[in-house]
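**Q** So that you have it, the file is start25.cif, and it contains mmCIF, C-alpha atoms and all ligand atoms; chains and numbers go by the auth columns:
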```
data_protein
loop_
_atom_site.group_PDB
_atom_site.id
_atom_site.type_symbol
_atom_site.label_atom_id
_atom_site.label_comp_id
_atom_site.label_asym_id
_atom_site.label_seq_id
_atom_site.Cartn_x
_atom_site.Cartn_y
_atom_site.Cartn_z
_atom_site.B_iso_or_equiv
_atom_site.auth_seq_id
_atom_site.auth_asym_id
ATOM 1 C CA MET A 1 115.294 90.947 176.268 0.00 1 A
ATOM 2 C CA ASP A 2 116.022 94.437 175.114 0.00 2 A
ATOM 3 C CA SER A 3 118.418 93.212 172.469 0.00 3 A
ATOM 4 C CA ASP A 4 116.183 94.394 169.637 0.00 4 A
ATOM 5 C CA ARG A 5 116.451 98.021 170.691 0.00 5 A
ATOM 6 C CA PRO A 6 119.016 99.813 168.544 0.00 6 A
ATOM 7 C CA LYS A 7 122.009 101.581 169.962 0.00 7 A
ATOM 8 C CA ALA A 8 123.211 104.876 168.532 0.00 8 A
ATOM 9 C CA ALA A 9 126.403 106.801 168.002 0.00 9 A
ATOM 10 C CA PHE A 10 125.610 110.461 168.690 0.00 10 A
ATOM 11 C CA VAL A 11 128.288 112.120 166.608 0.00 11 A
ATOM 12 C CA ASP A 12 129.189 115.790 166.671 0.00 12 A
ATOM 13 C CA ARG A 13 129.518 117.391 163.236 0.00 13 A
ATOM 14 C CA ASP A 14 131.871 120.407 163.218 0.00 14 A
ATOM 15 C CA GLY A 15 135.414 119.462 164.224 0.00 15 A
ATOM 16 C CA THR A 16 134.485 115.761 164.256 0.00 16 A
ATOM 17 C CA LEU A 17 133.035 114.749 160.865 0.00 17 A
ATOM 18 C CA ILE A 18 134.003 117.945 159.049 0.00 18 A
ATOM 19 C CA ALA A 19 136.567 120.697 159.607 0.00 19 A
ATOM 20 C CA GLU A 20 135.815 123.231 162.363 0.00 20 A
ATOM 21 C CA ARG A 21 135.244 126.693 160.829 0.00 21 A
ATOM 22 C CA ASP A 22 134.239 128.758 163.868 0.00 22 A
ATOM 23 C CA PHE A 23 130.632 129.006 162.631 0.00 23 A
ATOM 24 C CA LEU A 24 130.143 127.319 159.293 0.00 24 A
ATOM 25 C CA THR A 25 127.894 129.572 157.194 0.00 25 A
ATOM 26 C CA GLN A 26 128.927 128.763 153.596 0.00 26 A
ATOM 27 C CA LYS A 27 128.655 125.486 151.696 0.00 27 A
ATOM 28 C CA GLU A 28 132.019 126.294 150.086 0.00 28 A
ATOM 29 C CA ASP A 29 133.671 125.962 153.492 0.00 29 A
ATOM 30 C CA ILE A 30 132.509 122.385 154.068 0.00 30 A
ATOM 31 C CA GLU A 31 135.500 120.054 154.311 0.00 31 A
ATOM 32 C CA ILE A 32 134.696 116.467 155.156 0.00 32 A
ATOM 33 C CA PHE A 33 137.574 114.792 156.977 0.00 33 A
ATOM 34 C CA PRO A 34 139.223 111.970 154.989 0.00 34 A
ATOM 35 C CA GLN A 35 138.354 109.381 157.701 0.00 35 A
ATOM 36 C CA THR A 36 134.670 110.297 157.977 0.00 36 A
ATOM 37 C CA VAL A 37 133.132 108.029 155.328 0.00 37 A
ATOM 38 C CA GLU A 38 134.931 104.950 156.595 0.00 38 A
ATOM 39 C CA ALA A 39 134.066 105.825 160.196 0.00 39 A
ATOM 40 C CA ILE A 40 130.340 106.118 159.468 0.00 40 A
ATOM 41 C CA LYS A 41 130.378 102.833 157.557 0.00 41 A
ATOM 42 C CA LEU A 42 132.142 101.072 160.418 0.00 42 A
ATOM 43 C CA LEU A 43 129.723 102.470 163.012 0.00 43 A
ATOM 44 C CA ARG A 44 126.852 101.107 160.891 0.00 44 A
ATOM 45 C CA GLU A 45 128.530 97.706 160.604 0.00 45 A
ATOM 46 C CA LEU A 46 128.830 97.649 164.373 0.00 46 A
ATOM 47 C CA GLY A 47 125.074 98.188 164.613 0.00 47 A
ATOM 48 C CA TYR A 48 124.976 101.837 165.591 0.00 48 A
ATOM 49 C CA LEU A 49 122.441 104.270 164.248 0.00 49 A
ATOM 50 C CA VAL A 50 124.457 107.337 163.268 0.00 50 A
ATOM 51 C CA VAL A 51 122.809 110.407 164.768 0.00 51 A
ATOM 52 C CA VAL A 52 124.534 113.720 164.099 0.00 52 A
ATOM 53 C CA VAL A 53 123.992 116.220 166.918 0.00 53 A
ATOM 54 C CA SER A 54 125.301 119.760 166.569 0.00 54 A
ATOM 55 C CA ASN A 55 125.300 122.867 168.743 0.00 55 A
ATOM 56 C CA GLN A 56 124.668 125.670 166.242 0.00 56 A
ATOM 57 C CA SER A 57 124.805 128.757 168.443 0.00 57 A
ATOM 58 C CA GLY A 58 125.683 130.761 165.313 0.00 58 A
ATOM 59 C CA VAL A 59 121.905 130.987 164.885 0.00 59 A
ATOM 60 C CA ALA A 60 121.497 132.598 168.303 0.00 60 A
ATOM 61 C CA ARG A 61 124.429 134.896 167.526 0.00 61 A
ATOM 62 C CA GLY A 62 122.825 136.031 164.270 0.00 62 A
ATOM 63 C CA TYR A 63 125.483 134.543 161.996 0.00 63 A
ATOM 64 C CA LEU A 64 123.116 132.251 160.107 0.00 64 A
ATOM 65 C CA THR A 65 119.454 131.256 159.994 0.00 65 A
ATOM 66 C CA GLU A 66 118.005 127.870 160.860 0.00 66 A
ATOM 67 C CA GLN A 67 117.188 127.496 157.160 0.00 67 A
ATOM 68 C CA ARG A 68 120.883 127.958 156.392 0.00 68 A
ATOM 69 C CA VAL A 69 121.854 125.377 159.027 0.00 69 A
ATOM 70 C CA PHE A 70 119.496 122.960 157.303 0.00 70 A
ATOM 71 C CA GLU A 71 120.843 123.743 153.812 0.00 71 A
ATOM 72 C CA ILE A 72 124.485 123.379 154.837 0.00 72 A
ATOM 73 C CA ASN A 73 123.785 120.153 156.661 0.00 73 A
ATOM 74 C CA GLU A 74 121.871 118.768 153.715 0.00 74 A
ATOM 75 C CA GLU A 75 124.963 119.436 151.589 0.00 75 A
ATOM 76 C CA VAL A 76 127.162 117.589 154.113 0.00 76 A
ATOM 77 C CA PHE A 77 124.733 114.662 154.145 0.00 77 A
ATOM 78 C CA ARG A 78 124.453 114.671 150.327 0.00 78 A
ATOM 79 C CA ARG A 79 128.225 114.390 149.961 0.00 79 A
ATOM 80 C CA LEU A 80 128.327 111.565 152.498 0.00 80 A
ATOM 81 C CA GLU A 81 125.463 109.831 150.709 0.00 81 A
ATOM 82 C CA GLU A 82 127.500 109.893 147.490 0.00 82 A
ATOM 83 C CA ASN A 83 129.918 107.656 149.375 0.00 83 A
ATOM 84 C CA ASP A 84 127.176 105.439 150.830 0.00 84 A
ATOM 85 C CA ALA A 85 127.699 106.984 154.258 0.00 85 A
ATOM 86 C CA ARG A 86 124.644 109.173 154.868 0.00 86 A
ATOM 87 C CA PRO A 87 123.984 109.483 158.610 0.00 87 A
ATOM 88 C CA ASP A 88 120.555 108.414 159.844 0.00 88 A
ATOM 89 C CA LEU A 89 119.398 111.550 161.655 0.00 89 A
ATOM 90 C CA PHE A 90 120.424 115.163 162.280 0.00 90 A
ATOM 91 C CA PHE A 91 119.535 117.385 165.196 0.00 91 A
ATOM 92 C CA TYR A 92 120.863 120.811 166.072 0.00 92 A
ATOM 93 C CA CYS A 93 120.492 123.307 168.891 0.00 93 A
ATOM 94 C CA PRO A 94 120.130 126.931 167.701 0.00 94 A
ATOM 95 C CA HIS A 95 120.132 128.432 171.206 0.00 95 A
ATOM 96 C CA HIS A 96 122.635 130.141 173.478 0.00 96 A
ATOM 97 C CA PRO A 97 122.085 131.644 176.934 0.00 97 A
ATOM 98 C CA ASP A 98 123.972 134.866 176.012 0.00 98 A
ATOM 99 C CA ALA A 99 122.668 135.169 172.444 0.00 99 A
ATOM 100 C CA SER A 100 122.223 138.444 170.611 0.00 100 A
ATOM 101 C CA VAL A 101 119.061 137.191 168.874 0.00 101 A
ATOM 102 C CA LYS A 102 116.373 137.411 171.536 0.00 102 A
ATOM 103 C CA GLU A 103 114.175 134.518 170.412 0.00 103 A
ATOM 104 C CA TYR A 104 117.115 132.117 170.723 0.00 104 A
ATOM 105 C CA ARG A 105 118.468 133.489 174.006 0.00 105 A
ATOM 106 C CA LEU A 106 117.674 130.841 176.580 0.00 106 A
ATOM 107 C CA VAL A 107 119.048 128.079 178.729 0.00 107 A
ATOM 108 C CA CYS A 108 117.570 125.274 176.683 0.00 108 A
ATOM 109 C CA GLU A 109 117.339 121.510 177.067 0.00 109 A
ATOM 110 C CA CYS A 110 119.099 120.761 173.792 0.00 110 A
ATOM 111 C CA ARG A 111 122.489 122.504 173.908 0.00 111 A
ATOM 112 C CA LYS A 112 125.057 119.757 174.557 0.00 112 A
ATOM 113 C CA PRO A 113 125.763 118.418 177.134 0.00 113 A
ATOM 114 C CA ALA A 114 122.050 118.793 177.961 0.00 114 A
ATOM 115 C CA PRO A 115 120.205 115.654 176.807 0.00 115 A
ATOM 116 C CA GLY A 116 117.545 117.285 174.589 0.00 116 A
ATOM 117 C CA MET A 117 118.819 116.086 171.235 0.00 117 A
ATOM 118 C CA VAL A 118 119.145 112.509 172.515 0.00 118 A
ATOM 119 C CA LYS A 119 115.555 112.718 173.722 0.00 119 A
ATOM 120 C CA MET A 120 114.431 114.033 170.331 0.00 120 A
ATOM 121 C CA ALA A 121 116.063 111.019 168.671 0.00 121 A
ATOM 122 C CA GLN A 122 114.359 108.728 171.176 0.00 122 A
ATOM 123 C CA GLN A 123 110.989 110.145 170.168 0.00 123 A
ATOM 124 C CA ILE A 124 111.664 108.768 166.671 0.00 124 A
ATOM 125 C CA ILE A 125 113.433 105.499 167.575 0.00 125 A
ATOM 126 C CA ASP A 126 113.539 103.676 170.918 0.00 126 A
ATOM 127 C CA ILE A 127 117.305 103.837 171.398 0.00 127 A
ATOM 128 C CA ASP A 128 119.178 101.800 174.025 0.00 128 A
ATOM 129 C CA ILE A 129 121.161 104.647 175.610 0.00 129 A
ATOM 130 C CA PRO A 130 123.437 102.644 177.975 0.00 130 A
ATOM 131 C CA LYS A 131 124.705 100.820 174.868 0.00 131 A
ATOM 132 C CA SER A 132 125.101 104.088 172.988 0.00 132 A
ATOM 133 C CA VAL A 133 128.029 106.439 172.671 0.00 133 A
ATOM 134 C CA SER A 134 128.641 110.121 172.006 0.00 134 A
ATOM 135 C CA ILE A 135 131.673 111.200 169.994 0.00 135 A
ATOM 136 C CA GLY A 136 133.041 114.702 169.524 0.00 136 A
ATOM 137 C CA ASP A 137 135.851 117.224 169.813 0.00 137 A
ATOM 138 C CA LYS A 138 134.536 118.864 173.004 0.00 138 A
ATOM 139 C CA LEU A 139 134.091 117.549 176.512 0.00 139 A
ATOM 140 C CA SER A 140 130.413 118.499 176.223 0.00 140 A
ATOM 141 C CA ASP A 141 130.187 115.881 173.456 0.00 141 A
ATOM 142 C CA VAL A 142 131.767 113.305 175.778 0.00 142 A
ATOM 143 C CA GLN A 143 129.293 114.171 178.540 0.00 143 A
ATOM 144 C CA LEU A 144 126.201 113.873 176.363 0.00 144 A
ATOM 145 C CA CYS A 145 125.921 110.070 176.582 0.00 145 A
ATOM 146 C CA GLN A 146 128.004 109.653 179.732 0.00 146 A
ATOM 147 C CA ASN A 147 125.406 111.706 181.641 0.00 147 A
ATOM 148 C CA LEU A 148 122.763 109.221 180.497 0.00 148 A
ATOM 149 C CA GLY A 149 124.705 106.068 181.352 0.00 149 A
ATOM 150 C CA GLY A 150 126.390 105.554 177.978 0.00 150 A
ATOM 151 C CA ARG A 151 129.949 106.126 176.839 0.00 151 A
ATOM 152 C CA GLY A 152 131.725 109.209 175.537 0.00 152 A
ATOM 153 C CA ILE A 153 134.741 109.549 173.245 0.00 153 A
ATOM 154 C CA LEU A 154 136.838 112.668 172.692 0.00 154 A
ATOM 155 C CA VAL A 155 138.399 113.094 169.237 0.00 155 A
ATOM 156 C CA LEU A 156 141.550 115.169 168.791 0.00 156 A
ATOM 157 C CA THR A 157 140.424 116.857 165.571 0.00 157 A
ATOM 158 C CA GLY A 158 138.750 120.283 165.761 0.00 158 A
ATOM 159 C CA TYR A 159 139.046 121.671 169.309 0.00 159 A
ATOM 160 C CA GLY A 160 140.027 118.244 170.607 0.00 160 A
ATOM 161 C CA THR A 161 143.634 118.906 171.620 0.00 161 A
ATOM 162 C CA SER A 162 142.761 121.967 173.707 0.00 162 A
ATOM 163 C CA GLU A 163 139.817 120.090 175.206 0.00 163 A
ATOM 164 C CA ARG A 164 142.159 117.245 176.139 0.00 164 A
ATOM 165 C CA ASP A 165 144.162 119.742 178.191 0.00 165 A
ATOM 166 C CA ARG A 166 141.010 120.451 180.229 0.00 166 A
ATOM 167 C CA ILE A 167 140.294 116.829 181.115 0.00 167 A
ATOM 168 C CA GLU A 168 142.008 116.943 184.490 0.00 168 A
ATOM 169 C CA SER A 169 140.541 120.259 185.664 0.00 169 A
ATOM 170 C CA SER A 170 137.064 119.452 184.307 0.00 170 A
ATOM 171 C CA GLY A 171 136.719 116.108 186.060 0.00 171 A
ATOM 172 C CA ILE A 172 135.259 114.720 182.828 0.00 172 A
ATOM 173 C CA GLN A 173 136.953 111.468 181.865 0.00 173 A
ATOM 174 C CA PRO A 174 136.390 110.285 178.292 0.00 174 A
ATOM 175 C CA ASP A 175 136.039 106.517 177.882 0.00 175 A
ATOM 176 C CA PHE A 176 138.582 106.891 175.087 0.00 176 A
ATOM 177 C CA VAL A 177 140.586 109.681 173.472 0.00 177 A
ATOM 178 C CA ALA A 178 140.773 109.063 169.715 0.00 178 A
ATOM 179 C CA ASP A 179 142.933 110.708 167.082 0.00 179 A
ATOM 180 C CA THR A 180 140.017 110.842 164.638 0.00 180 A
ATOM 181 C CA VAL A 181 136.411 109.722 164.345 0.00 181 A
ATOM 182 C CA LEU A 182 137.636 106.597 162.551 0.00 182 A
ATOM 183 C CA ASP A 183 139.981 105.840 165.434 0.00 183 A
ATOM 184 C CA ALA A 184 136.937 106.175 167.709 0.00 184 A
ATOM 185 C CA ALA A 185 134.941 103.693 165.623 0.00 185 A
ATOM 186 C CA CYS A 186 137.873 101.244 165.598 0.00 186 A
ATOM 187 C CA TRP A 187 138.093 101.453 169.388 0.00 187 A
ATOM 188 C CA LEU A 188 134.380 100.679 169.662 0.00 188 A
ATOM 189 C CA GLU A 189 134.864 97.689 167.370 0.00 189 A
ATOM 190 C CA LYS A 190 137.584 96.342 169.674 0.00 190 A
ATOM 191 C CA SER A 191 135.595 97.005 172.835 0.00 191 A
ATOM 192 C CA LEU A 192 132.516 95.247 171.426 0.00 192 A
ATOM 193 C CA ALA A 193 134.602 92.254 170.367 0.00 193 A
ATOM 194 C CA GLY A 194 135.769 91.943 173.965 0.00 194 A
ATOM 195 C CA ARG A 195 132.254 91.569 175.368 0.00 195 A
HETATM 196 MG MG MG B . 132.573 120.083 167.448 0.00 201 B
HETATM 197 ZN ZN ZN B . 118.911 124.361 172.420 0.00 202 B
#
```
What is this structure when it is put down as structure tokens?
Ligand SMILES: [Mg+2]
Ligand SMILES: [Zn+2]
**A**
Amino acid sequence: MDSDRPKAAFVDRDGTLIAERDFLTQKEDIEIFPQTVEAIKLLRELGYLVVVVSNQSGVARGYLTEQRVFEINEEVFRRLEENDARPDLFFYCPHHPDASVKEYRLVCECRKPAPGMVKMAQQIIDIDIPKSVSIGDKLSDVQLCQNLGGRGILVLTGYGTSERDRIESSGIQPDFVADTVLDAACWLEKSLAGR
């Protein structure tokens, strides 16, 4: 009935697809993880739209402009495209509730785990969220889709190992804890085969 609605993998960028830099502001500092291209290709093969969703509070903190976020991301996507692995969509949240830049200082609807960026994607494509998954190196990435009835995977790259230590106290239980984003995609492949 609803089988024609696409599912999506909402994938975090920094610490998940590329190295975490504690606020990436320079193209020279982009380092795509060696597993990323294969992971994106596998997610596609499994029928997922690949939607990159990124909290970019560096904008609210005055470290970079939204234009710079766009330029850096375009460079990431260009390099992935060279390997036939360009993600489908990109959304970012520039806000933070304690920001130094007044116009971005707010409790918004788009900073993960709030669902705003998923809803933005849904305005473009009618995504089947219960069949979708969020993947990232923070528990907020895990919660993004879990809060909406989908699944969430924690990866141990980036901040992942310290986030794993918070699982018990947080009460947030990832559907899977993966070494890398490719490991996450492989787990999804297995879980889909079992259905
Ligand atoms: Mg991250
Ligand atoms: Zn926001």
**Q** What does the PyMOL selection byres (((chain A and resi 135) around 7) and not hetatm) select in this file, as a PyMOL selection string?
**A** chain A and resi 10-12+133-134+136+141-142+152-154
**Q** Using only C-alpha atoms, tabulate the residues of stretch 61-122 of chain A lying at most 6 Å from any atom of stretch 28-52 of chain A, each with its closest atom pair and that distance in Å to one decimal, by chain and increasing residue number, as a tab-separated table.
**A**
```
residue	atom	partner	partner_atom	distance
A:Ala85	CA	A:Val37	CA	5.6
A:Pro87	CA	A:Val50	CA	5.2
A:Asp88	CA	A:Val50	CA	5.3
A:Leu89	CA	A:Val51	CA	4.8
A:Phe90	CA	A:Val52	CA	4.7
```
**Q** I'd like a table as a tab-separated table: residues in chain A with an atom no more than 9 Å from ligand ZN 202 (chain B), each row giving the shortest atom pair and its distance in Å to one decimal, all atoms listed in the file counted, sorted by chain and rising residue number.
**A**
```
residue	atom	partner	partner_atom	distance
A:Asn55	CA	B:ZN202	ZN	7.5
A:Gln56	CA	B:ZN202	ZN	8.5
A:Ser57	CA	B:ZN202	ZN	8.4
A:Tyr92	CA	B:ZN202	ZN	7.5
A:Cys93	CA	B:ZN202	ZN	4.0
A:Pro94	CA	B:ZN202	ZN	5.5
A:His95	CA	B:ZN202	ZN	4.4
A:His96	CA	B:ZN202	ZN	7.0
A:Tyr104	CA	B:ZN202	ZN	8.1
A:Leu106	CA	B:ZN202	ZN	7.8
A:Val107	CA	B:ZN202	ZN	7.3
A:Cys108	CA	B:ZN202	ZN	4.6
A:Glu109	CA	B:ZN202	ZN	5.7
A:Cys110	CA	B:ZN202	ZN	3.9
A:Arg111	CA	B:ZN202	ZN	4.3
A:Lys112	CA	B:ZN202	ZN	8.0
A:Ala114	CA	B:ZN202	ZN	8.5
A:Gly116	CA	B:ZN202	ZN	7.5
A:Met117	CA	B:ZN202	ZN	8.4
```
**Q** Which residues fall under the PyMOL selection byres (((chain A and resi 167-180) around 9) and not hetatm) in this file, as a list in words?
**A**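 Output of the PyMOL selection byres (((chain A and resi 167-180) around 9) and not hetatm): Thr16, Leu17, Phe33, Gln35, Thr36, Ala39, Leu139, Val142, Gln143, Gln146, Arg151, Gly152, Ile153, Leu154, Val155, Leu156, Thr157, Gly160, Glu163, Arg164, Asp165, Arg166, Val181, Leu182, Asp183, Ala184, Ala185 and Trp187 of chain A.
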**Q** Grab the atom CA of A:Glu66 to atom CA of A:Arg21 distance for me, in Å with one decimal place.
**A** 17.3 Å
**Q** Could you tell me, counting only C-alpha atoms and all ligand atoms, which protein and nucleic acid residues lie no more than 7 Å from ligand MG 201 (chain B), written as a PyMOL selection string?
**A** chain A and resi 12-16+20+136-138+158-159
**Q** Could you check which of A:Ser54, A:Glu75, A:Glu189, A:Thr25 is closest to A:Leu144, using only C-alpha atoms?
**A** A:Ser54
**Q** Name the closest residue to A:Val59 among the candidates A:Lys27, A:Asp98, A:Glu81, A:Glu74; distances are taken between atoms, counting all atoms listed in the file.
**A**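 Looking at the shortest contact to A:Val59, the residue is A:Asp98.
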**Q** Kindly provide, as JSON, the centre and edge lengths (Å, one decimal) of an axis-aligned box around all atoms of stretch 50-57 of chain A given in the file, with 4 Å on each side.
**A**
```
{"center_x": 124.1, "center_y": 118.0, "center_z": 166.0, "size_x": 10.5, "size_y": 29.4, "size_z": 13.5}
```
**Q** Just give me the gap between atom CA of A:Pro6 and atom CA of A:Glu71 in Å, one decimal is fine.
**A**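 Straight-line distance from atom CA of A:Pro6 to atom CA of A:Glu71 works out to 28.2 Å.
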**Q** Please measure the separation of atom CA of A:Ala8 and atom CA of A:Val53, giving the value in Å to one decimal.
**A**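 Atom-to-atom, atom CA of A:Ala8 and atom CA of A:Val53 are spaced 11.5 Å apart.
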